>>> print(open('run.cif').read())   # mmCIF, C-alpha atoms
data_entry
loop_
_atom_site.group_PDB
_atom_site.id
_atom_site.type_symbol
_atom_site.label_atom_id
_atom_site.label_comp_id
_atom_site.auth_asym_id
_atom_site.auth_seq_id
_atom_site.Cartn_x
_atom_site.Cartn_y
_atom_site.Cartn_z
ATOM 1 C CA MET S 6 0.544 29.039 -39.952
ATOM 2 C CA LEU S 7 0.584 31.960 -37.517
ATOM 3 C CA LEU S 8 1.942 35.379 -38.422
ATOM 4 C CA GLY S 9 2.455 38.603 -36.477
ATOM 5 C CA ALA S 10 -0.005 41.490 -36.752
ATOM 6 C CA ARG S 11 2.281 43.483 -39.070
ATOM 7 C CA ASP S 12 2.235 40.610 -41.577
ATOM 8 C CA SER S 13 -1.554 40.172 -41.593
ATOM 9 C CA SER S 14 -1.954 41.537 -45.125
ATOM 10 C CA ARG S 15 0.472 38.909 -46.421
ATOM 11 C CA ALA S 16 -1.440 36.212 -44.543
ATOM 12 C CA HIS S 17 -4.648 37.122 -46.378
ATOM 13 C CA ALA S 18 -2.705 36.938 -49.611
ATOM 14 C CA VAL S 19 -1.799 33.242 -49.292
ATOM 15 C CA PRO S 20 -3.451 31.427 -52.219
ATOM 16 C CA ARG S 21 -6.220 29.015 -51.232
ATOM 17 C CA ARG S 22 -4.772 26.329 -53.491
ATOM 18 C CA LYS S 23 -1.527 26.461 -51.526
ATOM 19 C CA MET S 24 -3.373 26.240 -48.200
ATOM 20 C CA ARG S 25 -5.368 23.246 -49.462
ATOM 21 C CA ARG S 26 -2.148 21.481 -50.431
ATOM 22 C CA HIS S 27 -0.707 22.224 -46.964
ATOM 23 C CA TRP S 28 -3.716 20.856 -45.053
ATOM 24 C CA SER S 29 -4.254 17.921 -47.397
ATOM 25 C CA GLY S 30 -0.807 16.682 -46.355
ATOM 26 C CA ALA S 31 -1.246 17.465 -42.651
ATOM 27 C CA VAL S 32 -4.642 15.868 -42.063
ATOM 28 C CA PRO S 33 -3.593 12.285 -42.975
ATOM 29 C CA ALA S 34 -0.474 12.659 -40.840
ATOM 30 C CA MET S 35 -2.496 13.851 -37.836
ATOM 31 C CA SER S 36 -5.051 11.093 -38.343
ATOM 32 C CA ALA S 37 -2.331 8.467 -38.419
ATOM 33 C CA LEU S 38 -0.823 9.900 -35.228
ATOM 34 C CA LEU S 39 -4.176 9.863 -33.421
ATOM 35 C CA ALA S 40 -4.921 6.360 -34.611
ATOM 36 C CA ALA S 41 -1.546 5.124 -33.409
ATOM 37 C CA PHE S 42 -2.131 6.787 -30.028
ATOM 38 C CA SER S 43 -5.571 5.201 -29.687
ATOM 39 C CA VAL S 44 -4.223 1.738 -30.453
ATOM 40 C CA GLN S 45 -1.443 2.178 -27.923
ATOM 41 C CA ALA S 46 -3.827 3.497 -25.239
ATOM 42 C CA ALA S 47 -6.195 0.574 -25.731
ATOM 43 C CA GLU S 48 -3.522 -2.119 -25.592
ATOM 44 C CA PRO S 49 -4.363 -4.882 -23.091
ATOM 45 C CA VAL S 50 -2.085 -5.309 -20.088
ATOM 46 C CA THR S 51 -1.275 -8.742 -18.659
ATOM 47 C CA VAL S 52 0.244 -9.187 -15.203
ATOM 48 C CA ARG S 53 0.968 -12.128 -12.913
ATOM 49 C CA ASP S 54 -0.473 -11.799 -9.415
ATOM 50 C CA ALA S 55 0.657 -13.216 -6.060
ATOM 51 C CA PHE S 56 -1.087 -16.539 -6.759
ATOM 52 C CA GLY S 57 0.795 -16.894 -10.048
ATOM 53 C CA ARG S 58 -2.401 -16.215 -12.009
ATOM 54 C CA SER S 59 -2.128 -14.453 -15.376
ATOM 55 C CA VAL S 60 -4.608 -11.568 -15.379
ATOM 56 C CA THR S 61 -5.352 -9.510 -18.500
ATOM 57 C CA LEU S 62 -7.062 -6.132 -18.485
ATOM 58 C CA PRO S 63 -8.271 -4.925 -21.902
ATOM 59 C CA GLU S 64 -7.860 -1.289 -20.868
ATOM 60 C CA PRO S 65 -7.014 0.722 -17.728
ATOM 61 C CA PRO S 66 -9.751 0.081 -15.119
ATOM 62 C CA GLN S 67 -12.015 2.970 -14.169
ATOM 63 C CA ARG S 68 -14.173 1.204 -11.545
ATOM 64 C CA ILE S 69 -11.935 -0.467 -8.964
ATOM 65 C CA ILE S 70 -12.983 -2.351 -5.819
ATOM 66 C CA PRO S 71 -9.945 -2.804 -3.567
ATOM 67 C CA ILE S 72 -10.704 -5.291 -0.784
ATOM 68 C CA PHE S 73 -8.844 -4.459 2.455
ATOM 69 C CA ALA S 74 -7.383 -1.196 3.684
ATOM 70 C CA SER S 75 -3.903 -1.940 2.341
ATOM 71 C CA ASN S 76 -5.101 -2.298 -1.238
ATOM 72 C CA THR S 77 -7.301 0.787 -0.963
ATOM 73 C CA GLU S 78 -4.345 2.839 0.271
ATOM 74 C CA ILE S 79 -2.161 1.566 -2.564
ATOM 75 C CA VAL S 80 -4.728 2.573 -5.191
ATOM 76 C CA ALA S 81 -5.260 5.960 -3.539
ATOM 77 C CA SER S 82 -1.505 6.626 -3.293
ATOM 78 C CA LEU S 83 -1.427 6.599 -7.101
ATOM 79 C CA GLY S 84 -3.983 9.413 -7.256
ATOM 80 C CA LEU S 85 -6.772 7.014 -8.232
ATOM 81 C CA ALA S 86 -9.180 7.466 -5.321
ATOM 82 C CA ASP S 87 -11.806 8.689 -7.785
ATOM 83 C CA ARG S 88 -11.751 5.268 -9.495
ATOM 84 C CA ILE S 89 -12.608 3.417 -6.269
ATOM 85 C CA VAL S 90 -16.300 2.463 -6.344
ATOM 86 C CA GLY S 91 -16.522 0.134 -3.331
ATOM 87 C CA ILE S 92 -14.633 -0.732 -0.137
ATOM 88 C CA GLU S 93 -14.856 -3.178 2.772
ATOM 89 C CA ALA S 94 -15.952 -2.333 6.310
ATOM 90 C CA TYR S 95 -12.492 -2.017 7.881
ATOM 91 C CA THR S 96 -11.214 0.607 5.457
ATOM 92 C CA ARG S 97 -10.565 3.897 7.286
ATOM 93 C CA TYR S 98 -8.274 5.770 4.922
ATOM 94 C CA PRO S 99 -8.147 7.923 2.883
ATOM 95 C CA PRO S 100 -11.162 10.004 3.977
ATOM 96 C CA GLU S 101 -12.370 10.685 0.433
ATOM 97 C CA VAL S 102 -13.297 7.037 -0.177
ATOM 98 C CA LEU S 103 -15.169 6.350 3.065
ATOM 99 C CA ASP S 104 -18.550 7.181 1.496
ATOM 100 C CA ARG S 105 -18.220 4.336 -1.028
ATOM 101 C CA PRO S 106 -20.618 1.367 -0.753
ATOM 102 C CA LEU S 107 -19.478 -1.551 1.404
ATOM 103 C CA VAL S 108 -19.006 -4.970 -0.187
ATOM 104 C CA GLY S 109 -18.138 -6.944 2.944
ATOM 105 C CA GLY S 110 -16.466 -7.020 6.320
ATOM 106 C CA ARG S 111 -15.692 -9.312 9.222
ATOM 107 C CA LEU S 112 -18.168 -12.018 8.199
ATOM 108 C CA GLY S 113 -17.139 -12.222 4.563
ATOM 109 C CA PHE S 114 -17.741 -10.599 1.209
ATOM 110 C CA SER S 115 -20.823 -10.331 -0.959
ATOM 111 C CA VAL S 116 -20.458 -11.330 -4.586
ATOM 112 C CA ASP S 117 -23.795 -9.650 -5.326
ATOM 113 C CA ALA S 118 -22.649 -6.373 -3.743
ATOM 114 C CA VAL S 119 -19.433 -6.444 -5.766
ATOM 115 C CA VAL S 120 -21.183 -7.220 -9.058
ATOM 116 C CA ALA S 121 -23.815 -4.524 -8.473
ATOM 117 C CA LEU S 122 -21.086 -1.869 -8.566
ATOM 118 C CA LYS S 123 -20.012 -2.975 -12.078
ATOM 119 C CA PRO S 124 -16.259 -3.075 -11.358
ATOM 120 C CA ASP S 125 -13.704 -3.538 -14.091
ATOM 121 C CA LEU S 126 -11.080 -4.589 -11.514
ATOM 122 C CA VAL S 127 -11.254 -6.225 -8.083
ATOM 123 C CA VAL S 128 -8.124 -6.329 -5.892
ATOM 124 C CA VAL S 129 -7.919 -8.760 -2.955
ATOM 125 C CA THR S 130 -5.545 -10.391 -0.508
ATOM 126 C CA PRO S 131 -6.054 -13.901 0.903
ATOM 127 C CA SER S 132 -7.068 -12.608 4.362
ATOM 128 C CA ARG S 133 -10.516 -13.412 5.765
ATOM 129 C CA GLN S 134 -11.213 -15.772 2.852
ATOM 130 C CA ALA S 135 -11.553 -12.872 0.407
ATOM 131 C CA ALA S 136 -9.617 -14.618 -2.349
ATOM 132 C CA ASN S 137 -11.471 -17.898 -1.840
ATOM 133 C CA GLN S 138 -14.865 -16.200 -1.891
ATOM 134 C CA LEU S 139 -14.317 -13.883 -4.838
ATOM 135 C CA ILE S 140 -11.839 -15.317 -7.364
ATOM 136 C CA ASP S 141 -14.059 -18.014 -8.889
ATOM 137 C CA PRO S 142 -17.224 -15.862 -9.183
ATOM 138 C CA MET S 143 -15.308 -12.943 -10.695
ATOM 139 C CA GLU S 144 -13.550 -15.193 -13.193
ATOM 140 C CA ARG S 145 -16.876 -16.730 -14.255
ATOM 141 C CA LEU S 146 -18.320 -13.252 -14.779
ATOM 142 C CA GLY S 147 -15.284 -12.030 -16.679
ATOM 143 C CA VAL S 148 -14.309 -9.410 -14.074
ATOM 144 C CA PRO S 149 -10.514 -9.136 -13.718
ATOM 145 C CA ILE S 150 -9.415 -9.899 -10.145
ATOM 146 C CA ILE S 151 -5.864 -9.527 -8.845
ATOM 147 C CA VAL S 152 -4.450 -11.059 -5.663
ATOM 148 C CA LEU S 153 -1.740 -9.134 -3.799
ATOM 149 C CA LEU S 154 0.476 -10.329 -0.944
ATOM 150 C CA GLN S 155 2.593 -8.133 1.301
ATOM 151 C CA ARG S 156 5.125 -10.411 2.985
ATOM 152 C CA ASP S 157 7.758 -7.710 3.417
ATOM 153 C CA VAL S 158 8.273 -4.018 2.760
ATOM 154 C CA ALA S 159 9.821 -4.606 -0.674
ATOM 155 C CA GLU S 160 6.655 -6.395 -1.780
ATOM 156 C CA ILE S 161 4.597 -3.337 -0.873
ATOM 157 C CA LEU S 162 6.622 -1.355 -3.413
ATOM 158 C CA VAL S 163 6.219 -4.117 -5.985
ATOM 159 C CA ASN S 164 2.442 -4.014 -5.503
ATOM 160 C CA ILE S 165 2.327 -0.246 -5.959
ATOM 161 C CA ARG S 166 4.180 -0.537 -9.259
ATOM 162 C CA LEU S 167 1.973 -3.440 -10.370
ATOM 163 C CA MET S 168 -1.203 -1.467 -9.639
ATOM 164 C CA ALA S 169 0.223 1.544 -11.454
ATOM 165 C CA ARG S 170 0.870 -0.621 -14.502
ATOM 166 C CA VAL S 171 -2.614 -2.109 -14.701
ATOM 167 C CA ALA S 172 -4.163 1.325 -14.098
ATOM 168 C CA GLY S 173 -2.169 2.904 -16.913
ATOM 169 C CA VAL S 174 -0.197 5.255 -14.645
ATOM 170 C CA ASP S 175 3.265 3.675 -14.690
ATOM 171 C CA ASP S 176 5.010 7.002 -14.149
ATOM 172 C CA ARG S 177 3.082 7.634 -10.938
ATOM 173 C CA GLY S 178 4.022 4.211 -9.659
ATOM 174 C CA GLU S 179 7.688 4.867 -10.291
ATOM 175 C CA SER S 180 7.454 8.299 -8.664
ATOM 176 C CA VAL S 181 5.659 7.034 -5.534
ATOM 177 C CA THR S 182 7.972 4.063 -5.020
ATOM 178 C CA ALA S 183 11.118 6.069 -5.737
ATOM 179 C CA ALA S 184 10.154 8.552 -3.015
ATOM 180 C CA MET S 185 9.486 5.693 -0.589
ATOM 181 C CA GLN S 186 12.795 4.054 -1.469
ATOM 182 C CA ARG S 187 14.696 7.283 -0.820
ATOM 183 C CA ARG S 188 13.158 7.525 2.646
ATOM 184 C CA LEU S 189 13.945 3.881 3.399
ATOM 185 C CA GLU S 190 17.533 4.393 2.302
ATOM 186 C CA ALA S 191 17.844 7.454 4.559
ATOM 187 C CA VAL S 192 16.681 5.320 7.510
ATOM 188 C CA ARG S 193 19.138 2.570 6.586
ATOM 189 C CA GLN S 194 22.021 5.013 6.580
ATOM 190 C CA ARG S 195 21.014 6.436 9.977
ATOM 191 C CA VAL S 196 20.810 3.057 11.742
ATOM 192 C CA ASP S 197 23.526 1.164 9.880
ATOM 193 C CA GLY S 198 26.251 -0.111 12.202
ATOM 194 C CA LYS S 199 24.427 0.835 15.398
ATOM 195 C CA PRO S 200 23.625 -1.793 18.065
ATOM 196 C CA ALA S 201 20.103 -3.107 17.462
ATOM 197 C CA PRO S 202 17.908 -3.007 20.592
ATOM 198 C CA SER S 203 15.993 -6.195 21.378
ATOM 199 C CA THR S 204 12.330 -5.498 20.689
ATOM 200 C CA ILE S 205 8.866 -6.937 21.199
ATOM 201 C CA MET S 206 5.842 -5.369 19.517
ATOM 202 C CA ILE S 207 2.517 -6.453 21.000
ATOM 203 C CA THR S 208 -0.275 -6.131 18.459
ATOM 204 C CA GLY S 209 -3.215 -7.419 20.501
ATOM 205 C CA ARG S 210 -4.535 -9.453 23.426
ATOM 206 C CA LEU S 211 -6.645 -12.596 23.174
ATOM 207 C CA GLY S 212 -9.441 -13.698 25.448
ATOM 208 C CA ASN S 213 -7.424 -16.707 26.607
ATOM 209 C CA GLY S 214 -4.740 -14.456 28.081
ATOM 210 C CA LEU S 215 -2.230 -14.903 25.262
ATOM 211 C CA MET S 216 -0.801 -11.942 23.394
ATOM 212 C CA LEU S 217 -0.279 -11.360 19.704
ATOM 213 C CA VAL S 218 3.189 -10.150 18.751
ATOM 214 C CA ALA S 219 4.750 -8.926 15.516
ATOM 215 C CA ARG S 220 6.318 -11.893 13.745
ATOM 216 C CA GLU S 221 9.553 -12.420 11.934
ATOM 217 C CA GLY S 222 9.090 -12.944 8.201
ATOM 218 C CA THR S 223 6.215 -10.454 7.886
ATOM 219 C CA TYR S 224 6.016 -6.874 6.651
ATOM 220 C CA THR S 225 5.767 -5.646 10.281
ATOM 221 C CA GLY S 226 8.759 -7.760 11.246
ATOM 222 C CA ASP S 227 10.649 -6.418 8.253
ATOM 223 C CA ALA S 228 9.759 -2.877 9.353
ATOM 224 C CA ILE S 229 11.295 -3.548 12.783
ATOM 225 C CA ILE S 230 14.522 -4.838 11.212
ATOM 226 C CA ARG S 231 14.734 -1.977 8.705
ATOM 227 C CA ALA S 232 14.270 0.513 11.544
ATOM 228 C CA GLY S 233 17.309 -0.915 13.313
ATOM 229 C CA GLY S 234 15.716 -3.254 15.848
ATOM 230 C CA ARG S 235 15.953 -7.000 16.454
ATOM 231 C CA PHE S 236 13.562 -9.608 17.821
ATOM 232 C CA ALA S 237 13.778 -10.382 21.537
ATOM 233 C CA LEU S 238 11.629 -13.510 21.197
ATOM 234 C CA ALA S 239 12.881 -16.435 19.150
ATOM 235 C CA GLY S 240 10.493 -18.504 17.067
ATOM 236 C CA THR S 241 7.915 -15.842 16.237
ATOM 237 C CA GLN S 242 8.205 -16.674 12.552
ATOM 238 C CA THR S 243 5.810 -19.556 13.124
ATOM 239 C CA ILE S 244 4.037 -18.541 16.346
ATOM 240 C CA ALA S 245 2.359 -15.149 16.759
ATOM 241 C CA GLN S 246 0.660 -15.940 20.086
ATOM 242 C CA VAL S 247 2.788 -15.880 23.229
ATOM 243 C CA SER S 248 2.139 -15.791 26.940
ATOM 244 C CA PRO S 249 2.676 -12.640 29.009
ATOM 245 C CA GLU S 250 5.278 -14.616 30.953
ATOM 246 C CA ALA S 251 7.288 -15.193 27.774
ATOM 247 C CA ILE S 252 7.370 -11.450 27.155
ATOM 248 C CA LEU S 253 8.362 -10.705 30.742
ATOM 249 C CA ASN S 254 11.121 -13.315 30.630
ATOM 250 C CA ALA S 255 12.466 -11.968 27.332
ATOM 251 C CA ASP S 256 12.796 -8.530 29.001
ATOM 252 C CA PRO S 257 13.385 -6.558 25.780
ATOM 253 C CA ASP S 258 15.272 -3.288 25.499
ATOM 254 C CA VAL S 259 12.215 -1.770 23.778
ATOM 255 C CA LEU S 260 8.574 -2.707 24.343
ATOM 256 C CA LEU S 261 6.099 -1.560 21.696
ATOM 257 C CA TRP S 262 2.326 -1.592 21.933
ATOM 258 C CA ALA S 263 0.462 -1.198 18.631
ATOM 259 C CA GLY S 264 -2.388 0.942 19.910
ATOM 260 C CA SER S 265 -3.165 3.796 22.252
ATOM 261 C CA ASP S 266 -1.106 5.261 25.102
ATOM 262 C CA LYS S 267 -3.982 4.461 27.456
ATOM 263 C CA ASP S 268 -3.934 0.767 26.573
ATOM 264 C CA LEU S 269 -0.166 0.676 26.970
ATOM 265 C CA LYS S 270 -0.463 2.228 30.431
ATOM 266 C CA ASP S 271 -3.122 -0.330 31.380
ATOM 267 C CA LEU S 272 -0.740 -3.081 30.276
ATOM 268 C CA ILE S 273 2.343 -1.948 32.165
ATOM 269 C CA ASP S 274 0.291 -1.271 35.298
ATOM 270 C CA ARG S 275 -0.241 -5.022 35.585
ATOM 271 C CA PRO S 276 1.885 -6.913 38.136
ATOM 272 C CA GLY S 277 5.429 -7.556 36.946
ATOM 273 C CA TRP S 278 5.385 -5.303 33.914
ATOM 274 C CA ALA S 279 6.763 -2.237 35.690
ATOM 275 C CA ASP S 280 9.915 -4.236 36.476
ATOM 276 C CA MET S 281 10.743 -4.729 32.795
ATOM 277 C CA ARG S 282 13.932 -3.095 31.540
ATOM 278 C CA ALA S 283 12.058 -1.218 28.787
ATOM 279 C CA VAL S 284 9.556 0.248 31.254
ATOM 280 C CA LYS S 285 12.225 1.260 33.765
ATOM 281 C CA ASN S 286 14.290 2.935 31.060
ATOM 282 C CA GLY S 287 11.377 4.798 29.515
ATOM 283 C CA ARG S 288 11.477 2.700 26.355
ATOM 284 C CA ALA S 289 7.918 1.373 26.369
ATOM 285 C CA HIS S 290 6.057 3.105 23.541
ATOM 286 C CA ALA S 291 2.658 3.070 21.877
ATOM 287 C CA VAL S 292 2.976 2.999 18.073
ATOM 288 C CA ASN S 293 0.520 3.688 15.282
ATOM 289 C CA ARG S 294 -1.360 0.546 14.216
ATOM 290 C CA THR S 295 -2.249 1.876 10.772
ATOM 291 C CA GLU S 296 1.389 2.596 9.924
ATOM 292 C CA LEU S 297 2.719 -0.791 11.011
ATOM 293 C CA LEU S 298 -0.172 -3.257 10.669
ATOM 294 C CA ILE S 299 -1.532 -2.111 7.289
ATOM 295 C CA PRO S 300 0.998 -2.962 4.567
ATOM 296 C CA GLY S 301 0.727 0.111 2.384
ATOM 297 C CA PRO S 302 2.521 3.371 1.604
ATOM 298 C CA ARG S 303 2.210 4.592 5.208
ATOM 299 C CA THR S 304 4.410 1.730 6.410
ATOM 300 C CA VAL S 305 7.392 3.944 5.578
ATOM 301 C CA ASP S 306 6.074 6.528 8.072
ATOM 302 C CA GLY S 307 6.014 3.782 10.679
ATOM 303 C CA ILE S 308 9.573 2.699 9.889
ATOM 304 C CA GLU S 309 10.832 6.264 10.266
ATOM 305 C CA ARG S 310 9.119 6.583 13.665
ATOM 306 C CA LEU S 311 10.434 3.207 14.828
ATOM 307 C CA ALA S 312 13.972 4.182 13.838
ATOM 308 C CA ALA S 313 13.652 7.336 15.954
ATOM 309 C CA LEU S 314 12.532 5.218 18.940
ATOM 310 C CA PHE S 315 15.263 2.607 18.486
ATOM 311 C CA HIS S 316 18.054 5.121 17.793
ATOM 312 C CA PRO S 317 16.985 8.529 19.130
ATOM 313 C CA ALA S 318 20.482 9.977 18.843
ATOM 314 C CA ALA S 319 20.432 9.324 15.084
ATOM 315 C CA ALA S 320 16.948 10.771 14.505
ATOM 316 C CA PRO S 321 16.705 13.804 12.178
ATOM 317 C CA ARG S 322 16.627 17.109 14.022
#
>>> encode(input="run.cif", output="structure tokens")
Amino acid sequence: MLLGARDSSRAHAVPRRKMRRHWSGAVPAMSALLAAFSVQAAEPVTVRDAFGRSVTLPEPPQRIIPIFASNTEIVASLGLADRIVGIEAYTRYPPEVLDRPLVGGRLGFSVDAVVALKPDLVVVTPSRQAANQLIDPMERLGVPIIVLLQRDVAEILVNIRLMARVAGVDDRGESVTAAMQRRLEAVRQRVDGKPAPSTIMITGRLGNGLMLVAREGTYTGDAIIRAGGRFALAGTQTIAQVSPEAILNADPDVLLWAGSDKDLKDLIDRPGWADMRAVKNGRAHAVNRTELLIPGPRTVDGIERLAALFHPAAAPR
């Protein structure tokens, strides 16, 4: 009970017996409230991962090891970078987690290195045998491990919300994904009804002369479609490796190189490439690999940039 300064004499006059009765009723009520809150906060959470596995976490994890850059970026986007205790060698973002111990890389993943960091959650994708190498050992040791897949842009949002749920920050997950959805909807409205330029995105070159291209039915392919483009090469849903001749013959309206401007210039300086429609029309562009080849929150940045390249007249001023 708080009173103003002018009533202080009356405050001192309150009988102690009356105050005891007041607090004797309040203390049990407060205790019950705190107890109820503690029970609710400690409630286990059960989710189903991309492999259909039921995974239960007894409480929100505080020591998370996200394997692969995409999973690290998802965890960090929820404001949980401080809970990340280990990463793998190809993680480059965000900067604040790059000093964490490494638990693996190109040649595989170390169960011993993971266990040494005492995680209460490991997050993996099936790439580079991570799921095969880590699921069984983690399950035997009682360490919760969740498998995520990112087959399209919508699944990226689903994964963000799932990670928010297991981490006990549902509201952040809804806030992050709602903001992403608003941006995606703005892109959709800008490109809707406009002719879609035929597009090829080259993501790498192989030693045998073949080239890797963005495939239909993947998150990168979905990004191209959402940005208002269409595939110039048929059949990339099953085949990601194509010959340079196939690209030249397809002669797309837009040629994208996932990498540096220098590497793009080296490519189009090769015989035959300068004659492509995209090169002649100034529509050969280098695009950011991290935004379009890492399925995380920054994929929306990549979609916005692609939309501006595909439909420059509709780009925000």
>>> atom_distance(input="run.cif", atom1="atom CA of Val102 of chain S", atom2="atom CA of Arg88 of chain S")
9.6 Å
>>> closest_residue(input="run.cif", among="S:Met281, S:Glu296, S:Ile230, S:Glu93", to="Phe315 of chain S", atoms="only C-alpha atoms")
S:Ile230
>>> resolve_selection(input="run.cif", expression="the PyMOL selection byres ((chain S and resi 201-211) around 9)", output="ChimeraX atom specification")
/S:196,198-200,212-220,229-230,233-238,246,252,255-264,292,294,298,315-316
>>> residues_around(input="run.cif", residues="Asn164 of chain S", least_positions_apart="6", cutoff="10 Å", atoms="all atoms listed in the file", output="ChimeraX atom specification")
/S:54-55,76,79-80,152-155,170,178,182,301
>>> residues_around(input="run.cif", residues="Val158 of chain S", least_positions_apart="6", cutoff="7 Å", atoms="all atoms listed in the file", output="PDB file with C-alpha atoms, in the coordinates of the input")
ATOM      1  CA  TYR S 224       6.016  -6.874   6.651  1.00  0.00           C
ATOM      2  CA  ASP S 227      10.649  -6.418   8.253  1.00  0.00           C
ATOM      3  CA  ALA S 228       9.759  -2.877   9.353  1.00  0.00           C
TER       4      ALA S 228
END
>>> closest_residue(input="run.cif", among="S:Glu221, S:Asp306, S:Glu190, S:Asp87", to="Pro66 of chain S", atoms="only C-alpha atoms")
S:Asp87
>>> closest_residue(input="run.cif", among="S:Val127, S:Ala245, S:Ile72, S:Met143", to="Arg111 of chain S", atoms="only C-alpha atoms")
S:Ile72
>>> axis_aligned_box(input="run.cif", around="segment 249-252 of chain S", padding_each_side="8 Å", output="AutoDock Vina command-line options")
--center_x 5.0 --center_y -13.3 --center_z 29.1 --size_x 20.7 --size_y 19.7 --size_z 19.8
>>> atom_distance(input="run.cif", atom1="atom CA of Leu85 of chain S", atom2="atom CA of Leu112 of chain S")
27.6 Å
>>> atom_distance(input="run.cif", atom1="atom CA of Leu189 of chain S", atom2="atom CA of Val305 of chain S")
6.9 Å
>>> resolve_selection(input="run.cif", expression="the PyMOL selection byres ((chain S and resi 59) around 12)", output="list of chain:residue names")
S:Val50, S:Thr51, S:Val52, S:Arg53, S:Asp54, S:Ala55, S:Phe56, S:Gly57, S:Arg58, S:Val60, S:Thr61, S:Leu62, S:Glu144, S:Pro149, S:Ile150, S:Ile151, S:Val152
>>> closest_residue(input="run.cif", among="S:Pro49, S:Thr225, S:Asp280, S:Pro317", to="Asn293 of chain S", atoms="all atoms listed in the file")
S:Thr225
>>> residues_around(input="run.cif", residues="Gly173 of chain S", least_positions_apart="4", cutoff="9 Å", atoms="only C-alpha atoms", output="compact mmCIF listing (two decimals) with C-alpha atoms, in the coordinates of the input")
# COMPACT_ATOMS: atom_id res chain seq x y z
CA ALA S 46 -3.83 3.50 -25.24
CA VAL S 50 -2.08 -5.31 -20.09
CA GLU S 64 -7.86 -1.29 -20.87
CA PRO S 65 -7.01 0.72 -17.73
CA PRO S 66 -9.75 0.08 -15.12
CA MET S 168 -1.20 -1.47 -9.64
CA ALA S 169 0.22 1.54 -11.45
